[in-house]
Every structure is written in C-alpha cells, then in structure tokens.
Amino acid sequence: MPTSAPFGQIAIKKGYVSPNQLDEVLEEQRLHDRKGGKHELTGMLMLKKGFLTTEQLIQVLRSYKPQESE
C-alpha cells in the first residue's frame, strides 16, 4: 500500500540508502536550489550518485504516494 512518507524515508526503511546518504542528497538539493538551478528529485539524485539502482528506485516509487496539497 502506498505511503505518504517522504521518498528518502522509504528508501531508508527498505534498506537501500543510509541516513547519511539521504542527508548528502538533501544538502545537495538545498545548495542547488539556493543557486537558482532546476530542482532535482531526491530519487534521481540518489540514482546519479549510485546510491540506488534503477530497480530500487522503481521499488521506492511503487511504495510512494506524494502528499496532496491542501
């Protein structure tokens, strides 16, 4: 059943990434966003850095349900 937990938390729960790897990706996102660059998705950054395989990315996405805005 899909969950609304953040993508990175699902990846950690599945044992695909460590909390330190998630922190590294989130910090890279923040720095990139501050510089006015195009926002990169957490999962895509994890894939680019080799923290996730394509199959693991797909498995997290299957478990992921984005939070709906109110």
# chains A, B, ... in the order shown; residues from 1 in each chain; ligands from 1

call {"tool": "closest_atom_pairs", "arguments": {"of": "region 2-31 of chain A", "to": "region 38-54 of chain A", "cutoff": "9 Å", "atoms": "only C-alpha atoms", "output": "tab-separated table"}}
result
residue	atom	partner	partner_atom	distance
A:Phe7	CA	A:Thr42	CA	7.1
A:Gly8	CA	A:Thr42	CA	7.0
A:Ala11	CA	A:Leu52	CA	8.6
A:Tyr16	CA	A:Leu52	CA	6.5
A:Val17	CA	A:Phe51	CA	6.3
A:Ser18	CA	A:Phe51	CA	8.9
A:Gln21	CA	A:Phe51	CA	7.3
A:Leu22	CA	A:Met46	CA	8.0
A:Val25	CA	A:Leu45	CA	6.5
A:Leu26	CA	A:Thr42	CA	7.1
A:Glu28	CA	A:Leu45	CA	8.6
A:Gln29	CA	A:Glu40	CA	6.6
A:Arg30	CA	A:His39	CA	8.8

call {"tool": "write_last_selection", "arguments": {"atoms": "all heavy atoms", "output": "mmCIF file, in the first residue's frame"}}
result
data_model
loop_
_atom_site.group_PDB
_atom_site.id
_atom_site.type_symbol
_atom_site.label_atom_id
_atom_site.label_comp_id
_atom_site.auth_asym_id
_atom_site.auth_seq_id
_atom_site.Cartn_x
_atom_site.Cartn_y
_atom_site.Cartn_z
ATOM 1 N N PHE A 7 10.092 10.363 0.175
ATOM 2 C CA PHE A 7 10.801 9.401 -0.659
ATOM 3 C C PHE A 7 12.035 8.846 0.056
ATOM 4 O O PHE A 7 12.253 7.634 0.096
ATOM 5 C CB PHE A 7 11.214 10.061 -1.988
ATOM 6 C CG PHE A 7 11.917 9.129 -2.919
ATOM 7 C CD1 PHE A 7 11.217 8.476 -3.911
ATOM 8 C CD2 PHE A 7 13.280 8.912 -2.809
ATOM 9 C CE1 PHE A 7 11.860 7.601 -4.769
ATOM 10 C CE2 PHE A 7 13.930 8.040 -3.662
ATOM 11 C CZ PHE A 7 13.219 7.381 -4.642
ATOM 12 N N GLY A 8 12.848 9.733 0.615
ATOM 13 C CA GLY A 8 14.087 9.302 1.270
ATOM 14 C C GLY A 8 13.854 8.387 2.453
ATOM 15 O O GLY A 8 14.619 7.450 2.688
ATOM 16 N N ALA A 11 13.177 4.949 1.165
ATOM 17 C CA ALA A 11 14.421 4.324 0.711
ATOM 18 C C ALA A 11 15.243 3.812 1.893
ATOM 19 O O ALA A 11 15.839 2.726 1.823
ATOM 20 C CB ALA A 11 15.222 5.307 -0.133
ATOM 21 N N TYR A 16 17.802 0.585 1.318
ATOM 22 C CA TYR A 16 18.506 0.912 0.079
ATOM 23 C C TYR A 16 19.564 1.989 0.275
ATOM 24 O O TYR A 16 20.570 1.996 -0.432
ATOM 25 C CB TYR A 16 17.533 1.369 -1.005
ATOM 26 C CG TYR A 16 16.537 0.329 -1.448
ATOM 27 C CD1 TYR A 16 15.334 0.713 -2.020
ATOM 28 C CD2 TYR A 16 16.772 -1.029 -1.308
ATOM 29 C CE1 TYR A 16 14.407 -0.215 -2.457
ATOM 30 C CE2 TYR A 16 15.847 -1.972 -1.719
ATOM 31 C CZ TYR A 16 14.667 -1.561 -2.295
ATOM 32 O OH TYR A 16 13.752 -2.491 -2.718
ATOM 33 N N VAL A 17 19.313 2.929 1.175
ATOM 34 C CA VAL A 17 20.264 4.011 1.435
ATOM 35 C C VAL A 17 20.399 4.199 2.945
ATOM 36 O O VAL A 17 19.535 3.778 3.713
ATOM 37 C CB VAL A 17 19.837 5.355 0.783
ATOM 38 C CG1 VAL A 17 19.759 5.241 -0.719
ATOM 39 C CG2 VAL A 17 18.534 5.863 1.355
ATOM 40 N N SER A 18 21.485 4.836 3.323
ATOM 41 C CA SER A 18 21.708 5.144 4.744
ATOM 42 C C SER A 18 21.196 6.553 5.038
ATOM 43 O O SER A 18 21.048 7.371 4.120
ATOM 44 C CB SER A 18 23.201 5.067 5.058
ATOM 45 O OG SER A 18 23.886 6.149 4.453
ATOM 46 N N GLN A 21 23.555 9.031 3.524
ATOM 47 C CA GLN A 21 23.399 9.218 2.083
ATOM 48 C C GLN A 21 22.215 10.136 1.790
ATOM 49 O O GLN A 21 22.303 11.012 0.924
ATOM 50 C CB GLN A 21 23.223 7.873 1.378
ATOM 51 C CG GLN A 21 24.496 7.058 1.339
ATOM 52 C CD GLN A 21 24.274 5.663 0.828
ATOM 53 O OE1 GLN A 21 23.306 4.987 1.199
ATOM 54 N NE2 GLN A 21 25.179 5.192 -0.015
ATOM 55 N N LEU A 22 21.124 9.959 2.513
ATOM 56 C CA LEU A 22 19.966 10.832 2.333
ATOM 57 C C LEU A 22 20.336 12.270 2.685
ATOM 58 O O LEU A 22 20.016 13.194 1.934
ATOM 59 C CB LEU A 22 18.782 10.369 3.185
ATOM 60 C CG LEU A 22 17.558 11.284 3.164
ATOM 61 C CD1 LEU A 22 17.015 11.469 1.757
ATOM 62 C CD2 LEU A 22 16.484 10.753 4.110
ATOM 63 N N VAL A 25 22.280 13.868 -0.131
ATOM 64 C CA VAL A 25 21.434 14.222 -1.269
ATOM 65 C C VAL A 25 20.587 15.454 -0.962
ATOM 66 O O VAL A 25 20.469 16.360 -1.786
ATOM 67 C CB VAL A 25 20.545 13.014 -1.674
ATOM 68 C CG1 VAL A 25 19.437 13.427 -2.611
ATOM 69 C CG2 VAL A 25 21.401 11.928 -2.301
ATOM 70 N N LEU A 26 20.008 15.508 0.224
ATOM 71 C CA LEU A 26 19.171 16.648 0.596
ATOM 72 C C LEU A 26 19.989 17.933 0.663
ATOM 73 O O LEU A 26 19.515 19.000 0.256
ATOM 74 C CB LEU A 26 18.458 16.384 1.923
ATOM 75 C CG LEU A 26 17.421 15.258 1.892
ATOM 76 C CD1 LEU A 26 16.848 15.032 3.290
ATOM 77 C CD2 LEU A 26 16.327 15.522 0.881
ATOM 78 N N GLU A 28 22.704 18.543 -1.097
ATOM 79 C CA GLU A 28 22.982 18.892 -2.487
ATOM 80 C C GLU A 28 21.765 19.571 -3.125
ATOM 81 O O GLU A 28 21.905 20.552 -3.862
ATOM 82 C CB GLU A 28 23.364 17.652 -3.290
ATOM 83 C CG GLU A 28 23.819 17.968 -4.687
ATOM 84 C CD GLU A 28 24.408 16.784 -5.406
ATOM 85 O OE1 GLU A 28 25.070 15.948 -4.768
ATOM 86 O OE2 GLU A 28 24.199 16.691 -6.633
ATOM 87 N N GLN A 29 20.568 19.070 -2.826
ATOM 88 C CA GLN A 29 19.345 19.710 -3.328
ATOM 89 C C GLN A 29 19.237 21.146 -2.828
ATOM 90 O O GLN A 29 18.952 22.054 -3.606
ATOM 91 C CB GLN A 29 18.098 18.941 -2.848
ATOM 92 C CG GLN A 29 17.695 17.794 -3.693
ATOM 93 C CD GLN A 29 16.422 17.154 -3.145
ATOM 94 O OE1 GLN A 29 16.217 17.069 -1.936
ATOM 95 N NE2 GLN A 29 15.583 16.711 -4.048
ATOM 96 N N ARG A 30 19.459 21.343 -1.537
ATOM 97 C CA ARG A 30 19.353 22.688 -0.957
ATOM 98 C C ARG A 30 20.349 23.651 -1.606
ATOM 99 O O ARG A 30 19.990 24.775 -1.964
ATOM 100 C CB ARG A 30 19.579 22.640 0.559
ATOM 101 C CG ARG A 30 18.384 22.153 1.345
ATOM 102 C CD ARG A 30 18.578 22.330 2.840
ATOM 103 N NE ARG A 30 19.559 21.409 3.392
ATOM 104 C CZ ARG A 30 19.283 20.184 3.826
ATOM 105 N NH1 ARG A 30 18.052 19.712 3.764
ATOM 106 N NH2 ARG A 30 20.234 19.416 4.321
#

call {"tool": "atom_distance", "arguments": {"atom1": "CA of Pro6 (chain A)", "atom2": "CA of Leu61 (chain A)"}}
result
10.6 Å

call {"tool": "closest_residue", "arguments": {"among": "A:His32, A:Gly37, A:Ile10, A:Ala5", "to": "Ile58 (chain A)", "atoms": "only C-alpha atoms"}}
result
A:Ile10

call {"tool": "select_by_dssp", "arguments": {"residues": "chain A", "states": "alpha helix (DSSP H)", "output": "count of residues only"}}
result
40

call {"tool": "atom_distance", "arguments": {"atom1": "CA of Ile12 (chain A)", "atom2": "CA of Glu24 (chain A)"}}
result
13.2 Å
